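A.B. asks: The file below is work.cif, mmCIF, C-alpha atoms; chains and numbers go by the auth columns:
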data_final
#
loop_
_atom_site.group_PDB
_atom_site.id
_atom_site.type_symbol
_atom_site.label_atom_id
_atom_site.label_comp_id
_atom_site.label_asym_id
_atom_site.label_seq_id
_atom_site.Cartn_x
_atom_site.Cartn_y
_atom_site.Cartn_z
_atom_site.B_iso_or_equiv
_atom_site.auth_seq_id
_atom_site.auth_asym_id
ATOM 1 C CA MET A 1 101.691 -56.617 76.574 0.00 1 A
ATOM 2 C CA LYS A 2 102.117 -53.998 73.896 0.00 2 A
ATOM 3 C CA THR A 3 100.930 -56.455 71.266 0.00 3 A
ATOM 4 C CA ARG A 4 97.882 -57.335 73.352 0.00 4 A
ATOM 5 C CA SER A 5 97.053 -53.610 73.733 0.00 5 A
ATOM 6 C CA LEU A 6 97.283 -53.078 69.977 0.00 6 A
ATOM 7 C CA ILE A 7 94.977 -56.060 69.359 0.00 7 A
ATOM 8 C CA SER A 8 92.496 -54.760 71.915 0.00 8 A
ATOM 9 C CA ALA A 9 92.570 -51.296 70.339 0.00 9 A
ATOM 10 C CA GLY A 10 92.031 -52.789 66.893 0.00 10 A
ATOM 11 C CA LEU A 11 89.071 -54.832 68.075 0.00 11 A
ATOM 12 C CA LEU A 12 87.569 -51.750 69.737 0.00 12 A
ATOM 13 C CA ILE A 13 87.901 -49.732 66.543 0.00 13 A
ATOM 14 C CA ALA A 14 86.362 -52.561 64.476 0.00 14 A
ATOM 15 C CA ALA A 15 83.481 -52.923 66.932 0.00 15 A
ATOM 16 C CA SER A 16 82.850 -49.166 66.887 0.00 16 A
ATOM 17 C CA ALA A 17 82.828 -49.157 63.095 0.00 17 A
ATOM 18 C CA PHE A 18 80.386 -52.074 63.040 0.00 18 A
ATOM 19 C CA VAL A 19 78.036 -50.387 65.504 0.00 19 A
ATOM 20 C CA ALA A 20 78.200 -47.088 63.604 0.00 20 A
ATOM 21 C CA GLY A 21 77.647 -48.870 60.314 0.00 21 A
ATOM 22 C CA SER A 22 74.679 -50.773 61.707 0.00 22 A
ATOM 23 C CA ALA A 23 73.155 -47.585 63.054 0.00 23 A
ATOM 24 C CA PHE A 24 73.695 -45.862 59.705 0.00 24 A
ATOM 25 C CA SER A 25 72.175 -48.827 57.877 0.00 25 A
ATOM 26 C CA GLN A 26 69.142 -48.868 60.161 0.00 26 A
ATOM 27 C CA ASP A 27 68.671 -45.120 59.790 0.00 27 A
ATOM 28 C CA GLY A 28 68.994 -45.474 56.021 0.00 28 A
ATOM 29 C CA GLU A 29 66.418 -48.268 55.976 0.00 29 A
ATOM 30 C CA LYS A 30 64.057 -46.164 58.096 0.00 30 A
ATOM 31 C CA ASP A 31 64.456 -43.213 55.718 0.00 31 A
ATOM 32 C CA GLN A 32 63.907 -45.466 52.737 0.00 32 A
ATOM 33 C CA MET A 33 60.813 -46.988 54.320 0.00 33 A
ATOM 34 C CA ALA A 34 59.403 -43.551 55.145 0.00 34 A
ATOM 35 C CA GLU A 35 60.015 -42.453 51.568 0.00 35 A
ATOM 36 C CA MET A 36 58.349 -45.590 50.239 0.00 36 A
ATOM 37 C CA MET A 37 55.297 -45.070 52.454 0.00 37 A
ATOM 38 C CA LYS A 38 55.073 -41.483 51.230 0.00 38 A
ATOM 39 C CA TRP A 39 54.758 -42.524 47.583 0.00 39 A
ATOM 40 C CA MET A 40 52.425 -45.441 48.413 0.00 40 A
ATOM 41 C CA SER A 41 49.753 -43.136 49.811 0.00 41 A
ATOM 42 C CA THR A 42 47.212 -41.277 47.688 0.00 42 A
ATOM 43 C CA GLY A 43 46.987 -37.500 47.529 0.00 43 A
ATOM 44 C CA PRO A 44 44.435 -34.743 46.822 0.00 44 A
ATOM 45 C CA GLU A 45 44.818 -35.344 43.086 0.00 45 A
ATOM 46 C CA HIS A 46 43.173 -38.739 43.548 0.00 46 A
ATOM 47 C CA LYS A 47 40.104 -36.986 44.960 0.00 47 A
ATOM 48 C CA VAL A 48 39.715 -35.378 41.527 0.00 48 A
ATOM 49 C CA LEU A 49 39.277 -38.836 40.004 0.00 49 A
ATOM 50 C CA GLU A 50 36.157 -39.331 42.139 0.00 50 A
ATOM 51 C CA THR A 51 34.327 -36.944 39.789 0.00 51 A
ATOM 52 C CA PHE A 52 34.572 -39.488 36.977 0.00 52 A
ATOM 53 C CA VAL A 53 33.131 -42.425 38.946 0.00 53 A
ATOM 54 C CA GLY A 54 29.567 -43.387 38.080 0.00 54 A
ATOM 55 C CA GLU A 55 27.253 -43.963 35.117 0.00 55 A
ATOM 56 C CA PHE A 56 27.039 -41.307 32.425 0.00 56 A
ATOM 57 C CA ASP A 57 25.233 -40.482 29.197 0.00 57 A
ATOM 58 C CA THR A 58 27.651 -39.297 26.528 0.00 58 A
ATOM 59 C CA GLU A 59 27.319 -36.929 23.587 0.00 59 A
ATOM 60 C CA TRP A 60 30.024 -37.139 20.944 0.00 60 A
ATOM 61 C CA LYS A 61 31.068 -34.565 18.363 0.00 61 A
ATOM 62 C CA ILE A 62 33.576 -35.759 15.764 0.00 62 A
ATOM 63 C CA TRP A 63 35.356 -33.560 13.226 0.00 63 A
ATOM 64 C CA MET A 64 37.324 -35.412 10.574 0.00 64 A
ATOM 65 C CA GLY A 65 39.198 -32.267 9.513 0.00 65 A
ATOM 66 C CA GLY A 66 39.265 -30.351 12.777 0.00 66 A
ATOM 67 C CA SER A 67 36.617 -28.314 14.602 0.00 67 A
ATOM 68 C CA ASN A 68 37.437 -25.107 12.685 0.00 68 A
ATOM 69 C CA SER A 69 37.503 -26.710 9.239 0.00 69 A
ATOM 70 C CA GLY A 70 34.031 -25.458 8.409 0.00 70 A
ATOM 71 C CA THR A 71 32.658 -28.989 8.240 0.00 71 A
ATOM 72 C CA PRO A 72 29.853 -29.749 10.714 0.00 72 A
ATOM 73 C CA PRO A 73 30.678 -32.501 13.194 0.00 73 A
ATOM 74 C CA MET A 74 29.284 -35.990 13.160 0.00 74 A
ATOM 75 C CA THR A 75 27.270 -36.485 16.331 0.00 75 A
ATOM 76 C CA THR A 76 26.341 -39.587 18.255 0.00 76 A
ATOM 77 C CA LYS A 77 25.230 -40.566 21.731 0.00 77 A
ATOM 78 C CA GLY A 78 26.320 -43.349 24.031 0.00 78 A
ATOM 79 C CA THR A 79 26.909 -44.400 27.616 0.00 79 A
ATOM 80 C CA SER A 80 29.863 -44.915 29.929 0.00 80 A
ATOM 81 C CA THR A 81 30.503 -46.452 33.306 0.00 81 A
ATOM 82 C CA THR A 82 33.496 -45.606 35.490 0.00 82 A
ATOM 83 C CA THR A 83 34.558 -47.641 38.506 0.00 83 A
ATOM 84 C CA TRP A 84 37.513 -47.662 40.878 0.00 84 A
ATOM 85 C CA GLN A 85 40.375 -50.052 40.201 0.00 85 A
ATOM 86 C CA LEU A 86 42.351 -50.557 43.414 0.00 86 A
ATOM 87 C CA PRO A 87 39.939 -48.245 45.265 0.00 87 A
ATOM 88 C CA GLY A 88 41.033 -44.645 45.461 0.00 88 A
ATOM 89 C CA ARG A 89 43.976 -45.078 43.082 0.00 89 A
ATOM 90 C CA PHE A 90 42.880 -45.674 39.497 0.00 90 A
ATOM 91 C CA THR A 91 39.619 -45.337 37.570 0.00 91 A
ATOM 92 C CA ARG A 92 38.475 -47.556 34.716 0.00 92 A
ATOM 93 C CA THR A 93 35.955 -46.234 32.218 0.00 93 A
ATOM 94 C CA GLU A 94 34.114 -48.486 29.786 0.00 94 A
ATOM 95 C CA TYR A 95 32.116 -46.775 27.060 0.00 95 A
ATOM 96 C CA SER A 96 30.034 -47.579 24.003 0.00 96 A
ATOM 97 C CA HIS A 97 28.615 -45.556 21.118 0.00 97 A
ATOM 98 C CA SER A 98 28.472 -45.706 17.338 0.00 98 A
ATOM 99 C CA MET A 99 30.923 -44.159 14.886 0.00 99 A
ATOM 100 C CA MET A 100 30.307 -43.914 11.152 0.00 100 A
ATOM 101 C CA GLY A 101 27.398 -46.283 11.591 0.00 101 A
ATOM 102 C CA MET A 102 29.447 -48.929 13.365 0.00 102 A
ATOM 103 C CA PRO A 103 29.220 -49.885 17.049 0.00 103 A
ATOM 104 C CA MET A 104 32.306 -48.977 19.048 0.00 104 A
ATOM 105 C CA THR A 105 33.321 -49.909 22.563 0.00 105 A
ATOM 106 C CA GLY A 106 36.414 -48.933 24.487 0.00 106 A
ATOM 107 C CA PHE A 107 38.016 -48.349 27.849 0.00 107 A
ATOM 108 C CA SER A 108 40.369 -45.968 29.569 0.00 108 A
ATOM 109 C CA ILE A 109 42.320 -46.183 32.820 0.00 109 A
ATOM 110 C CA MET A 110 43.309 -43.009 34.616 0.00 110 A
ATOM 111 C CA GLY A 111 45.499 -42.327 37.620 0.00 111 A
ATOM 112 C CA TYR A 112 47.884 -39.862 39.193 0.00 112 A
ATOM 113 C CA ASP A 113 51.584 -40.608 39.658 0.00 113 A
ATOM 114 C CA ARG A 114 52.615 -38.756 42.826 0.00 114 A
ATOM 115 C CA TYR A 115 56.308 -39.351 42.194 0.00 115 A
ATOM 116 C CA ARG A 116 56.282 -37.809 38.715 0.00 116 A
ATOM 117 C CA LYS A 117 53.464 -35.399 39.637 0.00 117 A
ATOM 118 C CA GLU A 118 51.556 -36.327 36.499 0.00 118 A
ATOM 119 C CA PHE A 119 48.133 -37.625 35.536 0.00 119 A
ATOM 120 C CA GLU A 120 48.236 -40.758 33.375 0.00 120 A
ATOM 121 C CA VAL A 121 45.752 -42.125 30.847 0.00 121 A
ATOM 122 C CA ILE A 122 45.793 -45.460 29.006 0.00 122 A
ATOM 123 C CA SER A 123 43.026 -46.298 26.532 0.00 123 A
ATOM 124 C CA GLY A 124 41.989 -48.695 23.796 0.00 124 A
ATOM 125 C CA HIS A 125 38.925 -49.371 21.627 0.00 125 A
ATOM 126 C CA THR A 126 37.453 -51.763 19.091 0.00 126 A
ATOM 127 C CA MET A 127 38.450 -49.636 16.094 0.00 127 A
ATOM 128 C CA GLY A 128 42.127 -50.373 16.596 0.00 128 A
ATOM 129 C CA THR A 129 44.596 -52.831 18.094 0.00 129 A
ATOM 130 C CA ALA A 130 46.939 -50.337 19.763 0.00 130 A
ATOM 131 C CA LEU A 131 46.888 -48.836 23.219 0.00 131 A
ATOM 132 C CA TYR A 132 47.165 -45.069 23.642 0.00 132 A
ATOM 133 C CA SER A 133 49.029 -43.697 26.645 0.00 133 A
ATOM 134 C CA ALA A 134 49.490 -40.095 27.740 0.00 134 A
ATOM 135 C CA ARG A 135 50.823 -38.093 30.660 0.00 135 A
ATOM 136 C CA GLY A 136 50.268 -34.538 31.773 0.00 136 A
ATOM 137 C CA THR A 137 49.425 -32.059 34.497 0.00 137 A
ATOM 138 C CA SER A 138 46.797 -29.685 35.800 0.00 138 A
ATOM 139 C CA ALA A 139 47.397 -26.051 36.676 0.00 139 A
ATOM 140 C CA ASP A 140 44.084 -25.510 38.478 0.00 140 A
ATOM 141 C CA ASP A 141 43.685 -28.323 41.019 0.00 141 A
ATOM 142 C CA GLY A 142 42.327 -30.805 38.492 0.00 142 A
ATOM 143 C CA LYS A 143 39.533 -28.715 36.966 0.00 143 A
ATOM 144 C CA ARG A 144 41.373 -28.882 33.649 0.00 144 A
ATOM 145 C CA ILE A 145 43.777 -31.759 33.018 0.00 145 A
ATOM 146 C CA THR A 146 45.982 -31.787 29.921 0.00 146 A
ATOM 147 C CA VAL A 147 47.822 -34.941 28.866 0.00 147 A
ATOM 148 C CA ASN A 148 50.000 -35.537 25.809 0.00 148 A
ATOM 149 C CA GLY A 149 50.822 -38.743 23.988 0.00 149 A
ATOM 150 C CA LEU A 150 51.658 -40.322 20.649 0.00 150 A
ATOM 151 C CA MET A 151 49.259 -42.190 18.389 0.00 151 A
ATOM 152 C CA ASP A 152 49.613 -44.010 15.072 0.00 152 A
ATOM 153 C CA GLU A 153 47.293 -43.329 12.121 0.00 153 A
ATOM 154 C CA PRO A 154 47.412 -46.529 10.013 0.00 154 A
ATOM 155 C CA SER A 155 44.989 -45.179 7.364 0.00 155 A
ATOM 156 C CA MET A 156 47.510 -42.411 6.622 0.00 156 A
ATOM 157 C CA ASP A 157 50.585 -44.544 7.325 0.00 157 A
ATOM 158 C CA MET A 158 51.593 -42.150 10.115 0.00 158 A
ATOM 159 C CA LYS A 159 53.429 -43.192 13.270 0.00 159 A
ATOM 160 C CA ASP A 160 53.894 -41.277 16.506 0.00 160 A
ATOM 161 C CA LYS A 161 51.418 -38.525 15.725 0.00 161 A
ATOM 162 C CA LYS A 162 51.215 -36.036 18.605 0.00 162 A
ATOM 163 C CA VAL A 163 47.867 -36.073 20.377 0.00 163 A
ATOM 164 C CA LYS A 164 46.688 -33.842 23.211 0.00 164 A
ATOM 165 C CA THR A 165 43.748 -34.665 25.439 0.00 165 A
ATOM 166 C CA ILE A 166 42.052 -32.056 27.620 0.00 166 A
ATOM 167 C CA ILE A 167 39.662 -33.129 30.374 0.00 167 A
ATOM 168 C CA ARG A 168 37.499 -30.308 31.726 0.00 168 A
ATOM 169 C CA ILE A 169 35.387 -30.726 34.847 0.00 169 A
ATOM 170 C CA VAL A 170 32.289 -28.561 34.471 0.00 170 A
ATOM 171 C CA ASP A 171 30.608 -29.533 37.737 0.00 171 A
ATOM 172 C CA ALA A 172 30.103 -32.568 39.981 0.00 172 A
ATOM 173 C CA ASP A 173 27.895 -34.259 37.349 0.00 173 A
ATOM 174 C CA THR A 174 29.433 -33.095 34.076 0.00 174 A
ATOM 175 C CA TYR A 175 32.814 -33.258 32.428 0.00 175 A
ATOM 176 C CA VAL A 176 34.139 -32.855 28.888 0.00 176 A
ATOM 177 C CA TRP A 177 36.859 -34.864 27.160 0.00 177 A
ATOM 178 C CA GLU A 178 38.555 -33.216 24.157 0.00 178 A
ATOM 179 C CA THR A 179 41.017 -34.889 21.802 0.00 179 A
ATOM 180 C CA HIS A 180 43.322 -32.720 19.684 0.00 180 A
ATOM 181 C CA ASP A 181 45.247 -33.897 16.623 0.00 181 A
ATOM 182 C CA MET A 182 48.334 -31.679 16.854 0.00 182 A
ATOM 183 C CA HIS A 183 49.300 -32.656 13.283 0.00 183 A
ATOM 184 C CA LEU A 184 46.488 -30.396 12.022 0.00 184 A
ATOM 185 C CA GLY A 185 48.189 -27.343 13.537 0.00 185 A
ATOM 186 C CA GLY A 186 46.986 -23.872 14.483 0.00 186 A
ATOM 187 C CA ASP A 187 43.606 -23.512 16.175 0.00 187 A
ATOM 188 C CA ASN A 188 42.049 -26.361 14.194 0.00 188 A
ATOM 189 C CA THR A 189 43.293 -29.335 16.207 0.00 189 A
ATOM 190 C CA LYS A 190 40.164 -30.498 18.044 0.00 190 A
ATOM 191 C CA VAL A 191 38.772 -33.677 16.455 0.00 191 A
ATOM 192 C CA PHE A 192 36.702 -35.153 19.297 0.00 192 A
ATOM 193 C CA GLU A 193 34.593 -33.631 22.028 0.00 193 A
ATOM 194 C CA VAL A 194 32.702 -35.885 24.414 0.00 194 A
ATOM 195 C CA THR A 195 30.359 -34.497 27.063 0.00 195 A
ATOM 196 C CA PHE A 196 29.697 -36.839 30.012 0.00 196 A
ATOM 197 C CA THR A 197 26.491 -36.181 31.979 0.00 197 A
ATOM 198 C CA ARG A 198 25.833 -38.225 35.092 0.00 198 A
ATOM 199 C CA LYS A 199 22.712 -40.367 34.948 0.00 199 A
ATOM 200 C CA LYS A 200 20.071 -39.445 37.498 0.00 200 A
ATOM 201 C CA GLU A 201 18.595 -42.212 39.613 0.00 201 A
#
How would this structure read if it were set down as structure tokens?
C.D. replies:
Amino acid sequence: MKTRSLISAGLLIAASAFVAGSAFSQDGEKDQMAEMMKWMSTGPEHKVLETFVGEFDTEWKIWMGGSNSGTPPMTTKGTSTTTWQLPGRFTRTEYSHSMMGMPMTGFSIMGYDRYRKEFEVISGHTMGTALYSARGTSADDGKRITVNGLMDEPSMDMKDKKVKTIIRIVDADTYVWETHDMHLGGDNTKVFEVTFTRKKE
């Protein structure tokens, strides 16, 4: 009788542990699912990307030695088209212009990582075989986005050169993309400035 009571008590304890464990597991799965759904959804930062969607005329200024080097910039004009990739999540920009008398085409993909709380940019063009990637933030609700990355400079045999890109939204139809070569130092780091103006229908 005593043995039977001990067995019954043991089974009751085991059953209680199983039920508690199952409940804990289910609660954990629910929490994990809720967390996953949170990061799957887009946020207000993705609304900022809407500004870049459309067809634009572009004006390029290019300084080989930096914008404050005293050398006037090379200038050129081009066009760009930006569309949604996975609507509402990422933008893809395809652009074309000429540089040093040669035609140049390229692309960039931009998004916002809600988990890391960072904007991301990946780009490539026909004057190189490498992809450039950068991450960064905005302190003013997306009106000015600053991302930092590393870029190689094969002509100078330089690897992992620090590059900063600043994207400034002027208004609903205009934004400016600046590229800074941090290797130049001081206040003479800007080497590219591209103004995007939305085409009027």
A.B. asks: Residues near Thr126 (chain A), anyone? I mean within 7 Å using only C-alpha atoms, not counting same-chain ones fewer than 6 positions away, as a PyMOL selection string.
C.D. replies: chain A and resi 104-106
A.B. asks: Any chance you could export the current selection's C-alpha atoms as an mmCIF file, in the frame of the given file?
C.D. replies:
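Contents of result.cif, freshly written:
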data_model
loop_
_atom_site.group_PDB
_atom_site.id
_atom_site.type_symbol
_atom_site.label_atom_id
_atom_site.label_comp_id
_atom_site.auth_asym_id
_atom_site.auth_seq_id
_atom_site.Cartn_x
_atom_site.Cartn_y
_atom_site.Cartn_z
ATOM 1 C CA MET A 104 32.306 -48.977 19.048
ATOM 2 C CA THR A 105 33.321 -49.909 22.563
ATOM 3 C CA GLY A 106 36.414 -48.933 24.487
#
A.B. asks: Can you list what the PyMOL selection byres ((chain A and resi 143-158) around 12) grabs from this structure, as a CSV table (one decimal) with C-alpha atoms, in the frame of the given file?
C.D. replies:
chain,number,residue,atom,x,y,z
A,45,GLU,CA,44.8,-35.3,43.1
A,47,LYS,CA,40.1,-37.0,45.0
A,48,VAL,CA,39.7,-35.4,41.5
A,49,LEU,CA,39.3,-38.8,40.0
A,51,THR,CA,34.3,-36.9,39.8
A,52,PHE,CA,34.6,-39.5,37.0
A,110,MET,CA,43.3,-43.0,34.6
A,111,GLY,CA,45.5,-42.3,37.6
A,112,TYR,CA,47.9,-39.9,39.2
A,118,GLU,CA,51.6,-36.3,36.5
A,119,PHE,CA,48.1,-37.6,35.5
A,120,GLU,CA,48.2,-40.8,33.4
A,121,VAL,CA,45.8,-42.1,30.8
A,122,ILE,CA,45.8,-45.5,29.0
A,123,SER,CA,43.0,-46.3,26.5
A,124,GLY,CA,42.0,-48.7,23.8
A,127,MET,CA,38.4,-49.6,16.1
A,128,GLY,CA,42.1,-50.4,16.6
A,129,THR,CA,44.6,-52.8,18.1
A,130,ALA,CA,46.9,-50.3,19.8
A,131,LEU,CA,46.9,-48.8,23.2
A,132,TYR,CA,47.2,-45.1,23.6
A,133,SER,CA,49.0,-43.7,26.6
A,134,ALA,CA,49.5,-40.1,27.7
A,135,ARG,CA,50.8,-38.1,30.7
A,136,GLY,CA,50.3,-34.5,31.8
A,137,THR,CA,49.4,-32.1,34.5
A,138,SER,CA,46.8,-29.7,35.8
A,139,ALA,CA,47.4,-26.1,36.7
A,140,ASP,CA,44.1,-25.5,38.5
A,141,ASP,CA,43.7,-28.3,41.0
A,142,GLY,CA,42.3,-30.8,38.5
A,159,LYS,CA,53.4,-43.2,13.3
A,160,ASP,CA,53.9,-41.3,16.5
A,161,LYS,CA,51.4,-38.5,15.7
A,162,LYS,CA,51.2,-36.0,18.6
A,163,VAL,CA,47.9,-36.1,20.4
A,164,LYS,CA,46.7,-33.8,23.2
A,165,THR,CA,43.7,-34.7,25.4
A,166,ILE,CA,42.1,-32.1,27.6
A,167,ILE,CA,39.7,-33.1,30.4
A,168,ARG,CA,37.5,-30.3,31.7
A,169,ILE,CA,35.4,-30.7,34.8
A,170,VAL,CA,32.3,-28.6,34.5
A,171,ASP,CA,30.6,-29.5,37.7
A,172,ALA,CA,30.1,-32.6,40.0
A,174,THR,CA,29.4,-33.1,34.1
A,175,TYR,CA,32.8,-33.3,32.4
A,176,VAL,CA,34.1,-32.9,28.9
A,177,TRP,CA,36.9,-34.9,27.2
A,178,GLU,CA,38.6,-33.2,24.2
A,179,THR,CA,41.0,-34.9,21.8
A,180,HIS,CA,43.3,-32.7,19.7
A,181,ASP,CA,45.2,-33.9,16.6
A,182,MET,CA,48.3,-31.7,16.9
A,183,HIS,CA,49.3,-32.7,13.3
A.B. asks: Expand the PyMOL selection byres ((chain A and resi 115) around 12) into the individual residues it matches in the shown file, reporting them as a list in words.
C.D. replies: Glu35, Met36, Met37, Lys38, Trp39, Met40, Ser41, Thr42, Gly43, Tyr112, Asp113, Arg114, Arg116, Lys117, Glu118 and Phe119 of chain A
A.B. asks: From the list A:Thr93, A:Thr79, A:Thr197, A:Gly66, which residue is nearest Val53 (chain A) when using all atoms listed in the file?
C.D. replies: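 The answer is A:Thr93, which sits nearest to Val53 (chain A).
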A.B. asks: Considering all atoms listed in the file, can you say which of A:Ser108, A:Trp63, A:Asn68, A:Met99 comes closest to Thr83 (chain A)?
C.D. replies: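 For Thr83 (chain A), the nearest of the candidates is A:Ser108.
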A.B. asks: For CA of Pro73 (chain A) and CA of Ile109 (chain A), determine how far apart the two atoms are, in Å to one decimal place.
C.D. replies: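 Separation between CA of Pro73 (chain A) and CA of Ile109 (chain A): 26.6 Å.
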A.B. asks: A:Ser67, A:Thr76, A:Thr82, A:Gln32: which is nearest Lys190 (chain A), counting only C-alpha atoms?
C.D. replies: A:Ser67
A.B. asks: Could you check how far CA of Gly54 (chain A) sits from CA of Arg89 (chain A), in Å to one decimal?
C.D. replies: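 Between these atoms lies a distance of 15.3 Å.
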A.B. asks: Show me, as a PyMOL selection string, the residues that have an atom within 12 Å of Pro72 (chain A) when counting only C-alpha atoms, minus same-chain residues fewer than 6 positions from it.
C.D. replies: chain A and resi 61-66+191
A.B. asks: Could you spell out the hits of the PyMOL selection byres ((chain A and resi 195) around 6) on the shown file, as a PyMOL selection string?
C.D. replies: chain A and resi 58-59+176+194+196
A.B. asks: Would you mind exporting C-alpha atoms of the selected residues as a compact mmCIF listing (two decimals), in the coordinates of the input?
C.D. replies:
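Okay, out.txt is ready:
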# COMPACT_ATOMS: atom_id res chain seq x y z
CA THR A 58 27.65 -39.30 26.53
CA GLU A 59 27.32 -36.93 23.59
CA VAL A 176 34.14 -32.85 28.89
CA VAL A 194 32.70 -35.88 24.41
CA PHE A 196 29.70 -36.84 30.01
A.B. asks: CA of Met100 (chain A) and CA of Thr189 (chain A), how far apart in Å?
C.D. replies: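 Straight-line distance from CA of Thr189 (chain A) to CA of Met100 (chain A) works out to 20.2 Å.
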A.B. asks: Provide an axis-aligned box for all listed atoms of region 47-66 of chain A, padding each side by 6 Å; report its centre and its edge lengths in Å to one decimal, as AutoDock Vina command-line options.
C.D. replies:
--center_x 32.7 --center_y -37.2 --center_z 27.2 --size_x 26.9 --size_y 25.6 --size_z 47.4
A.B. asks: From the options A:Lys77, A:Asp187, A:Glu50, A:Phe107, which residue's atoms come nearest to Phe90 (chain A), counting only C-alpha atoms?
C.D. replies: A:Glu50
